[in-house]
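**Student:** Sharing input.txt (compact mmCIF, C-alpha atoms and all ligand atoms) below.
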# COMPACT_ATOMS: atom_id res chain seq x y z
CA MET A 1 -66.58 45.28 -69.38
CA LYS A 2 -65.92 48.89 -70.29
CA PHE A 3 -62.36 50.19 -70.35
CA LEU A 4 -61.27 53.74 -69.77
CA THR A 5 -58.18 55.85 -69.48
CA TYR A 6 -58.37 58.53 -66.83
CA ARG A 7 -56.53 60.92 -64.58
CA TYR A 8 -56.91 60.69 -60.83
CA GLN A 9 -54.96 62.91 -58.43
CA ASN A 10 -52.75 64.08 -61.30
CA GLU A 11 -51.80 60.61 -62.43
CA ALA A 12 -52.92 58.96 -65.63
CA SER A 13 -54.05 55.36 -65.39
CA TYR A 14 -56.53 52.92 -66.91
CA GLY A 15 -59.26 50.76 -65.55
CA VAL A 16 -62.70 49.28 -65.99
CA LEU A 17 -66.10 50.47 -64.90
CA SER A 18 -67.54 48.77 -61.81
CA LYS A 19 -70.77 46.77 -62.05
CA ASP A 20 -72.85 49.81 -61.12
CA GLU A 21 -70.93 51.86 -63.72
CA ASN A 22 -70.51 54.69 -61.19
CA HIS A 23 -66.92 53.83 -60.28
CA VAL A 24 -63.70 53.00 -62.01
CA ILE A 25 -61.53 50.10 -60.84
CA ASP A 26 -57.85 50.61 -61.56
CA ILE A 27 -56.40 47.61 -63.39
CA SER A 28 -53.00 49.08 -64.20
CA ASN A 29 -51.55 47.76 -60.94
CA LYS A 30 -52.54 44.20 -61.92
CA HIS A 31 -50.82 44.39 -65.32
CA GLN A 32 -47.37 45.03 -66.74
CA SER A 33 -48.80 47.26 -69.47
CA GLU A 34 -48.46 50.97 -68.89
CA THR A 35 -51.43 52.07 -70.97
CA LEU A 36 -54.71 50.64 -72.16
CA LEU A 37 -53.32 50.55 -75.70
CA GLU A 38 -50.39 48.50 -74.45
CA LEU A 39 -52.75 46.11 -72.66
CA ILE A 40 -54.68 45.58 -75.91
CA THR A 41 -51.52 45.11 -77.97
CA SER A 42 -49.32 43.17 -75.56
CA GLY A 43 -51.31 39.95 -75.43
CA GLU A 44 -51.52 40.45 -71.66
CA PHE A 45 -55.29 40.97 -71.78
CA SER A 46 -57.33 38.19 -70.17
CA LYS A 47 -61.11 38.52 -70.08
CA ALA A 48 -61.37 36.02 -67.21
CA LYS A 49 -58.85 37.96 -65.12
CA ILE A 50 -60.66 41.26 -65.61
CA ASP A 51 -64.09 39.72 -65.05
CA LYS A 52 -62.75 38.49 -61.70
CA ILE A 53 -61.37 41.93 -60.82
CA ILE A 54 -64.80 43.46 -61.54
CA ASN A 55 -66.61 40.78 -59.52
CA ASP A 56 -64.24 41.04 -56.54
CA ASN A 57 -64.35 44.83 -56.36
CA HIS A 58 -67.39 46.42 -54.84
CA ASP A 59 -65.92 49.88 -54.78
CA GLY A 60 -63.46 51.91 -56.74
CA ILE A 61 -62.95 55.58 -57.49
CA ALA A 62 -66.17 57.55 -58.00
CA LEU A 63 -66.46 58.82 -61.57
CA ASN A 64 -66.87 62.41 -60.37
CA GLU A 65 -63.36 62.23 -58.88
CA ILE A 66 -61.62 61.42 -62.14
CA ILE A 67 -61.00 63.15 -65.46
CA ILE A 68 -61.82 60.82 -68.32
CA LEU A 69 -59.13 60.87 -71.01
CA SER A 70 -59.26 59.45 -74.52
CA PRO A 71 -59.14 55.65 -74.17
CA ILE A 72 -56.32 55.61 -76.75
CA GLU A 73 -54.63 58.98 -76.46
CA LYS A 74 -51.82 58.26 -78.88
CA PRO A 75 -52.80 55.79 -81.58
CA ARG A 76 -49.83 54.01 -83.13
CA ARG A 77 -51.10 54.42 -86.69
CA ASN A 78 -53.49 56.63 -88.61
CA ILE A 79 -57.20 56.05 -88.08
CA ILE A 80 -58.63 53.82 -90.84
CA CYS A 81 -61.82 55.51 -92.03
CA LEU A 82 -64.79 54.62 -94.17
CA GLY A 83 -66.36 57.35 -96.29
CA LEU A 84 -69.94 57.39 -97.54
CA ASN A 85 -70.89 54.23 -95.66
CA TYR A 86 -74.49 55.16 -94.80
CA LEU A 87 -76.79 55.66 -97.80
CA ASP A 88 -78.54 58.77 -96.44
CA HIS A 89 -75.21 60.49 -95.66
CA ALA A 90 -73.68 59.51 -99.01
CA LYS A 91 -76.62 61.26 -100.73
CA GLU A 92 -76.41 64.45 -98.62
CA SER A 93 -72.66 64.61 -99.16
CA GLU A 94 -72.90 64.36 -102.96
CA ARG A 95 -75.75 66.94 -102.93
CA PHE A 96 -73.51 69.39 -101.01
CA LYS A 97 -70.78 68.95 -103.60
CA GLY A 98 -73.27 69.28 -106.48
CA ASN A 99 -72.58 65.76 -107.75
CA ASN A 100 -74.96 63.03 -108.84
CA PHE A 101 -75.13 60.16 -106.41
CA ASN A 102 -73.99 56.69 -107.37
CA LEU A 103 -73.87 53.84 -104.87
CA PRO A 104 -70.17 53.06 -104.25
CA ASP A 105 -69.27 49.65 -105.66
CA ALA A 106 -66.45 49.17 -103.14
CA PRO A 107 -65.79 50.61 -99.66
CA ALA A 108 -64.31 54.14 -99.76
CA TYR A 109 -61.25 54.13 -97.50
CA PHE A 110 -59.22 57.06 -96.30
CA SER A 111 -57.25 57.81 -93.19
CA LYS A 112 -56.82 60.64 -90.75
CA MET A 113 -53.74 61.45 -88.76
CA ALA A 114 -54.30 61.46 -85.03
CA HIS A 115 -51.03 61.65 -83.14
CA ILE A 116 -53.10 62.84 -80.19
CA THR A 117 -56.81 62.16 -79.86
CA THR A 118 -59.31 64.22 -77.88
CA GLY A 119 -61.17 62.62 -74.99
CA HIS A 120 -64.57 63.08 -73.37
CA ASP A 121 -65.11 66.74 -72.41
CA GLY A 122 -61.99 67.69 -74.37
CA THR A 123 -61.94 70.91 -76.37
CA ILE A 124 -61.88 71.03 -80.17
CA ASP A 125 -59.98 73.94 -81.72
CA LEU A 126 -62.18 75.82 -84.20
CA ASN A 127 -59.05 76.88 -86.17
CA LYS A 128 -60.89 80.01 -87.29
CA ASP A 129 -57.97 81.13 -89.47
CA LEU A 130 -58.05 77.90 -91.44
CA THR A 131 -61.67 76.86 -91.75
CA GLU A 132 -65.17 78.28 -91.75
CA MET A 133 -66.76 74.87 -92.16
CA LEU A 134 -65.97 72.74 -89.13
CA ASP A 135 -68.29 69.73 -89.06
CA TYR A 136 -69.01 66.73 -86.81
CA GLU A 137 -69.57 63.04 -87.66
CA VAL A 138 -70.68 60.45 -85.10
CA GLU A 139 -69.19 57.03 -85.89
CA LEU A 140 -68.95 53.61 -84.34
CA ALA A 141 -65.23 52.81 -84.13
CA ILE A 142 -63.88 49.27 -84.05
CA ILE A 143 -60.81 48.64 -81.92
CA ILE A 144 -58.81 45.76 -83.37
CA GLY A 145 -57.65 43.19 -80.78
CA LYS A 146 -55.18 41.01 -82.68
CA ALA A 147 -53.07 41.07 -85.80
CA GLY A 148 -54.47 39.63 -88.99
CA LYS A 149 -54.17 39.68 -92.75
CA ASN A 150 -56.58 38.28 -95.36
CA ILE A 151 -59.16 37.76 -92.62
CA PRO A 152 -62.23 35.77 -93.77
CA ALA A 153 -65.51 37.67 -93.22
CA ASP A 154 -66.90 34.95 -90.97
CA GLU A 155 -63.87 35.25 -88.67
CA ALA A 156 -63.78 39.07 -88.56
CA HIS A 157 -65.39 39.23 -85.11
CA LYS A 158 -62.44 37.31 -83.61
CA TYR A 159 -60.19 40.28 -84.42
CA ILE A 160 -62.34 42.88 -82.65
CA PHE A 161 -61.40 43.95 -79.13
CA GLY A 162 -64.31 46.31 -78.68
CA TYR A 163 -66.05 49.48 -79.78
CA THR A 164 -65.86 53.14 -78.99
CA ILE A 165 -67.42 56.38 -80.22
CA LEU A 166 -65.40 58.43 -82.67
CA ASN A 167 -66.33 61.98 -83.63
CA ASP A 168 -64.65 62.50 -87.00
CA PHE A 169 -64.32 66.31 -86.89
CA THR A 170 -63.80 67.64 -90.41
CA ALA A 171 -62.99 71.01 -91.97
CA ARG A 172 -65.16 70.73 -95.11
CA ASP A 173 -63.53 73.66 -96.92
CA LEU A 174 -60.05 72.13 -96.45
CA GLN A 175 -61.41 68.75 -97.48
CA ARG A 176 -62.56 70.30 -100.78
CA LYS A 177 -59.66 72.68 -101.32
CA HIS A 178 -57.08 69.91 -101.14
CA THR A 179 -59.15 67.42 -103.18
CA GLN A 180 -58.39 64.60 -100.75
CA TRP A 181 -60.09 64.16 -97.35
CA PHE A 182 -56.80 63.70 -95.48
CA LYS A 183 -55.84 67.27 -94.55
CA GLY A 184 -59.31 68.50 -93.57
CA LYS A 185 -59.66 65.64 -91.12
CA SER A 186 -56.14 65.59 -89.71
CA LEU A 187 -55.97 68.89 -87.82
CA ASP A 188 -54.68 68.35 -84.29
CA GLY A 189 -57.36 66.99 -81.99
CA TYR A 190 -59.92 66.38 -84.76
CA THR A 191 -60.35 62.76 -83.68
CA ALA A 192 -62.43 62.57 -80.52
CA LEU A 193 -62.68 59.15 -78.87
CA GLY A 194 -64.44 57.68 -75.90
CA PRO A 195 -65.64 57.85 -73.27
CA VAL A 196 -64.88 54.11 -72.97
CA ILE A 197 -63.97 51.10 -75.06
CA SER A 198 -66.84 48.69 -74.64
CA HIS A 199 -65.59 45.12 -74.95
CA ILE A 200 -67.04 42.97 -77.75
CA SER A 201 -68.43 40.55 -75.11
CA ASN A 202 -70.95 43.25 -74.10
CA PHE A 203 -72.75 42.87 -77.44
CA SER A 204 -74.38 40.27 -79.61
CA TYR A 205 -72.72 39.98 -83.01
CA PRO A 206 -73.10 41.74 -85.28
CA PRO A 207 -74.28 44.54 -83.00
CA ASN A 208 -77.13 46.73 -84.21
CA LEU A 209 -76.71 49.95 -82.26
CA TYR A 210 -78.36 53.34 -82.19
CA LEU A 211 -75.99 56.19 -82.92
CA ARG A 212 -76.90 59.85 -82.50
CA SER A 213 -75.32 63.26 -82.39
CA TYR A 214 -76.51 66.51 -80.84
CA VAL A 215 -75.27 70.08 -81.14
CA ASN A 216 -76.25 72.29 -78.18
CA GLY A 217 -78.91 69.71 -77.33
CA GLU A 218 -80.46 69.70 -80.84
CA ILE A 219 -80.51 66.23 -82.36
CA ARG A 220 -78.66 66.19 -85.69
CA GLN A 221 -77.91 62.54 -86.54
CA ALA A 222 -79.92 59.46 -85.60
CA SER A 223 -79.44 56.06 -87.20
CA LYS A 224 -78.59 52.45 -86.47
CA THR A 225 -75.53 50.47 -87.47
CA GLU A 226 -77.75 48.08 -89.47
CA HIS A 227 -77.79 50.86 -92.09
CA LEU A 228 -74.05 50.54 -92.77
CA ILE A 229 -73.60 49.93 -96.51
CA TYR A 230 -70.49 47.84 -95.81
CA ASP A 231 -70.84 46.03 -92.48
CA MET A 232 -67.97 45.29 -90.12
CA ASP A 233 -67.37 41.75 -91.42
CA THR A 234 -66.98 43.15 -94.91
CA ILE A 235 -64.79 46.08 -93.82
CA ILE A 236 -62.36 43.93 -91.81
CA SER A 237 -62.20 41.20 -94.41
CA ASP A 238 -61.90 43.55 -97.38
CA PHE A 239 -59.41 46.01 -95.86
CA SER A 240 -57.18 43.22 -94.54
CA LYS A 241 -56.70 41.77 -98.04
CA GLY A 242 -52.96 42.25 -98.42
CA VAL A 243 -52.84 44.67 -95.46
CA THR A 244 -51.98 43.56 -91.92
CA LEU A 245 -54.30 44.92 -89.27
CA LEU A 246 -52.60 45.34 -85.91
CA PRO A 247 -54.00 45.28 -82.38
CA GLY A 248 -54.90 48.81 -81.33
CA ASP A 249 -55.86 49.83 -84.88
CA ILE A 250 -58.96 52.00 -84.96
CA ILE A 251 -61.50 51.69 -87.77
CA ALA A 252 -64.11 54.46 -88.05
CA THR A 253 -67.05 52.82 -89.81
CA GLY A 254 -68.68 55.94 -91.29
CA THR A 255 -71.36 58.43 -90.37
CA PRO A 256 -75.10 58.71 -91.10
CA ALA A 257 -76.98 61.74 -92.45
CA GLY A 258 -77.41 64.91 -90.41
CA VAL A 259 -73.91 66.38 -90.45
CA GLY A 260 -73.67 70.18 -90.69
CA MET A 261 -73.09 70.26 -94.47
CA GLY A 262 -76.28 68.22 -94.98
CA PHE A 263 -78.54 71.12 -93.93
CA ASP A 264 -79.71 73.92 -96.19
CA PRO A 265 -78.28 76.32 -95.21
CA PRO A 266 -75.43 74.26 -93.69
CA LYS A 267 -75.04 74.22 -89.89
CA PHE A 268 -71.30 74.29 -89.26
CA LEU A 269 -69.84 74.48 -85.77
CA ARG A 270 -69.13 77.73 -83.97
CA SER A 271 -67.12 78.67 -80.93
CA GLY A 272 -68.94 77.64 -77.76
CA ASP A 273 -70.89 74.79 -79.38
CA GLU A 274 -71.27 71.57 -77.45
CA VAL A 275 -71.27 68.39 -79.55
CA VAL A 276 -72.49 65.15 -78.01
CA CYS A 277 -72.24 61.78 -79.72
CA GLU A 278 -74.11 58.81 -78.33
CA ILE A 279 -73.90 55.11 -79.16
CA GLU A 280 -75.94 52.40 -77.51
CA GLY A 281 -73.80 50.22 -75.24
CA VAL A 282 -70.85 52.61 -75.32
CA GLY A 283 -72.11 55.87 -73.80
CA MET A 284 -71.92 59.57 -74.57
CA LEU A 285 -68.92 61.51 -75.85
CA ARG A 286 -69.11 65.27 -75.28
CA ASN A 287 -66.79 67.91 -76.73
CA LEU A 288 -66.72 71.68 -76.66
CA VAL A 289 -65.67 73.78 -79.66
CA LYS A 290 -63.41 76.74 -78.89
MG MG B 1 -66.17 60.15 -91.17
Now that the file is in, can you turn its structure into C-alpha cells?

**Tutor:**
Amino acid sequence: MKFLTYRYQNEASYGVLSKDENHVIDISNKHQSETLLELITSGEFSKAKIDKIINDNHDGIALNEIIILSPIEKPRRNIICLGLNYLDHAKESERFKGNNFNLPDAPAYFSKMAHITTGHDGTIDLNKDLTEMLDYEVELAIIIGKAGKNIPADEAHKYIFGYTILNDFTARDLQRKHTQWFKGKSLDGYTALGPVISHISNFSYPPNLYLRSYVNGEIRQASKTEHLIYDMDTIISDFSKGVTLLPGDIIATGTPAGVGMGFDPPKFLRSGDEVVCEIEGVGMLRNLVK
C-alpha cells in the first residue's frame, strides 16, 4: 500500500493508490484522522482495514485529476538527518571542503527545520539573494510508525511505518558560512517529500533499493541503500538511545555521491532546473527550482 496526500476539487485529503496505481482511493472518510500524519500517529491505522479498502475498490479518482501534495506537509518535529552516510559522498564532500577524509566512527546526526515541506511538482525557491550554491540530495526517508526509546537493532523494523523520498535541498555556502549544517538546510521549502509513503509491507527487510537523482534529465546520483555506512537498524537503535522517537518522525538516511558540489567545477542549481529523485518501490519526486 502506498499512501498519499492530495488535493481534489480544491479539497485536501489523503488516500491510497489503487491496485493498478493509476487511481487514488480516498480513505479519509473511513477514518477519524484528518490527515495522513494523524492516521500514522493516532494508532487508528489498521493494515487489514486498508488492504480491504484497496481490494474492494476497483475505481477511485484518476491520478491526473488530483494534485499530489507532500505526504506529510507539516511535520511535528525537525527532520532527523544523517550526514556523510554513503562512503562515496563522504569523500566528495570532504574533497570540496579541502579536508582529508576519515571514516566517521559514529553516525553524524543533524536536523533541518521543515515547518512546511514541499510536495511532488512543488517549486523550490532559489533564494538568489542568500545563496549561490543551492544543491540537491536524494535520500531514502524512514517514517516512524510508533513511539520508542532504546530500541534494540533487531526490533528496529517494528518501528517503521514506511518509506518516502526526501530531497534534502541545501545552500552549501550558508552551510559553510554558519559552520553548522542547520541554517543552510532549513530555508523554507528545502525539504521535498513524496510522492507517496510506501508502507514497510511492500518491501523485504532490510530493503536494498536503487536511488537516483537527475537534473534536467541528466543523471547525477545513482546508488543502492546497501551502501549506507550506518544501516537503518543501526540508525534507529543508536539514535533512540536516550531519545524517544515518535510516530510521524522522519529520518533522512543520507545521500550518495553525485551532488552538485561533488563535480569539478561544481554543478549547483539554477532557476528553471528540474530535479527528479527516484527510489525503487516509492516512485519519482519532481521539483522545479525558481
Ligand atoms: Mg542530506

**Student:** Using all atoms listed in the file, determine which residues fall within 10 Å of ligand MG 1 (chain B), then list them as a ChimeraX atom specification.

**Tutor:** /A:80-85,110-112,136-140,166-170,181,185,191,252-256,259

**Student:** Restricting the calculation to all atoms listed in the file, which member of A:Val243, A:Ile251, A:Ile165, A:Leu39 is positioned closest to Gly281 (chain A)?

**Tutor:**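 Residue with the minimum atom-to-atom distance to Gly281 (chain A): A:Ile165.
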
**Student:** Of the candidates A:His115, A:Ser198, A:Asp26, A:Phe268, which shows the shortest atom-to-atom distance to Asp173 (chain A), using all atoms listed in the file?

**Tutor:**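 When distances to Asp173 (chain A) are compared using all atoms listed in the file, the smallest one comes from A:Phe268.
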
**Student:** What's the separation between CA of Ala147 (chain A) and CA of Leu246 (chain A), in Å to one decimal place?

**Tutor:**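 These two atoms are separated by 4.3 Å.
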
**Student:** Would you pick out the contacts of Ala171 (chain A) at 8 Å or less, using only C-alpha atoms, so that residues sharing its chain but fewer than 5 positions from it are not included, and give the list as a PyMOL selection string?

**Tutor:** chain A and resi 131-135+184-185

**Student:** Could you write out that same residue set with C-alpha atoms as an mmCIF file, in the coordinates of the input?

**Tutor:**
data_model
loop_
_atom_site.group_PDB
_atom_site.id
_atom_site.type_symbol
_atom_site.label_atom_id
_atom_site.label_comp_id
_atom_site.auth_asym_id
_atom_site.auth_seq_id
_atom_site.Cartn_x
_atom_site.Cartn_y
_atom_site.Cartn_z
ATOM 1 C CA THR A 131 -61.670 76.860 -91.750
ATOM 2 C CA GLU A 132 -65.170 78.280 -91.750
ATOM 3 C CA MET A 133 -66.760 74.870 -92.160
ATOM 4 C CA LEU A 134 -65.970 72.740 -89.130
ATOM 5 C CA ASP A 135 -68.290 69.730 -89.060
ATOM 6 C CA GLY A 184 -59.310 68.500 -93.570
ATOM 7 C CA LYS A 185 -59.660 65.640 -91.120
#

**Student:** Please compute the CA of Asn57 (chain A)-CA of Glu280 (chain A) distance, one decimal, in Å.

**Tutor:**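 Straight-line distance from CA of Asn57 (chain A) to CA of Glu280 (chain A) works out to 25.3 Å.
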
**Student:** Which of these residues is nearest to Ile197 (chain A), using only C-alpha atoms: A:Val282, A:Arg220, A:Met232, A:Asn100?

**Tutor:**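 Of A:Val282, A:Arg220, A:Met232, A:Asn100, the one nearest Ile197 (chain A) is A:Val282, counting only C-alpha atoms.
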
**Student:** Output as JSON the centre and edge lengths (Å, one decimal) of the box along x, y and z of the file that holds every listed atom of region 239-257 of chain A after adding 3 Å on each side.

**Tutor:**
{"center_x": -64.5, "center_y": 51.8, "center_z": -89.9, "size_x": 31.0, "size_y": 26.0, "size_z": 23.1}

**Student:** Please measure the separation of CA of Asp51 (chain A) and CA of Ile68 (chain A), giving the value in Å to one decimal.

**Tutor:** 21.5 Å
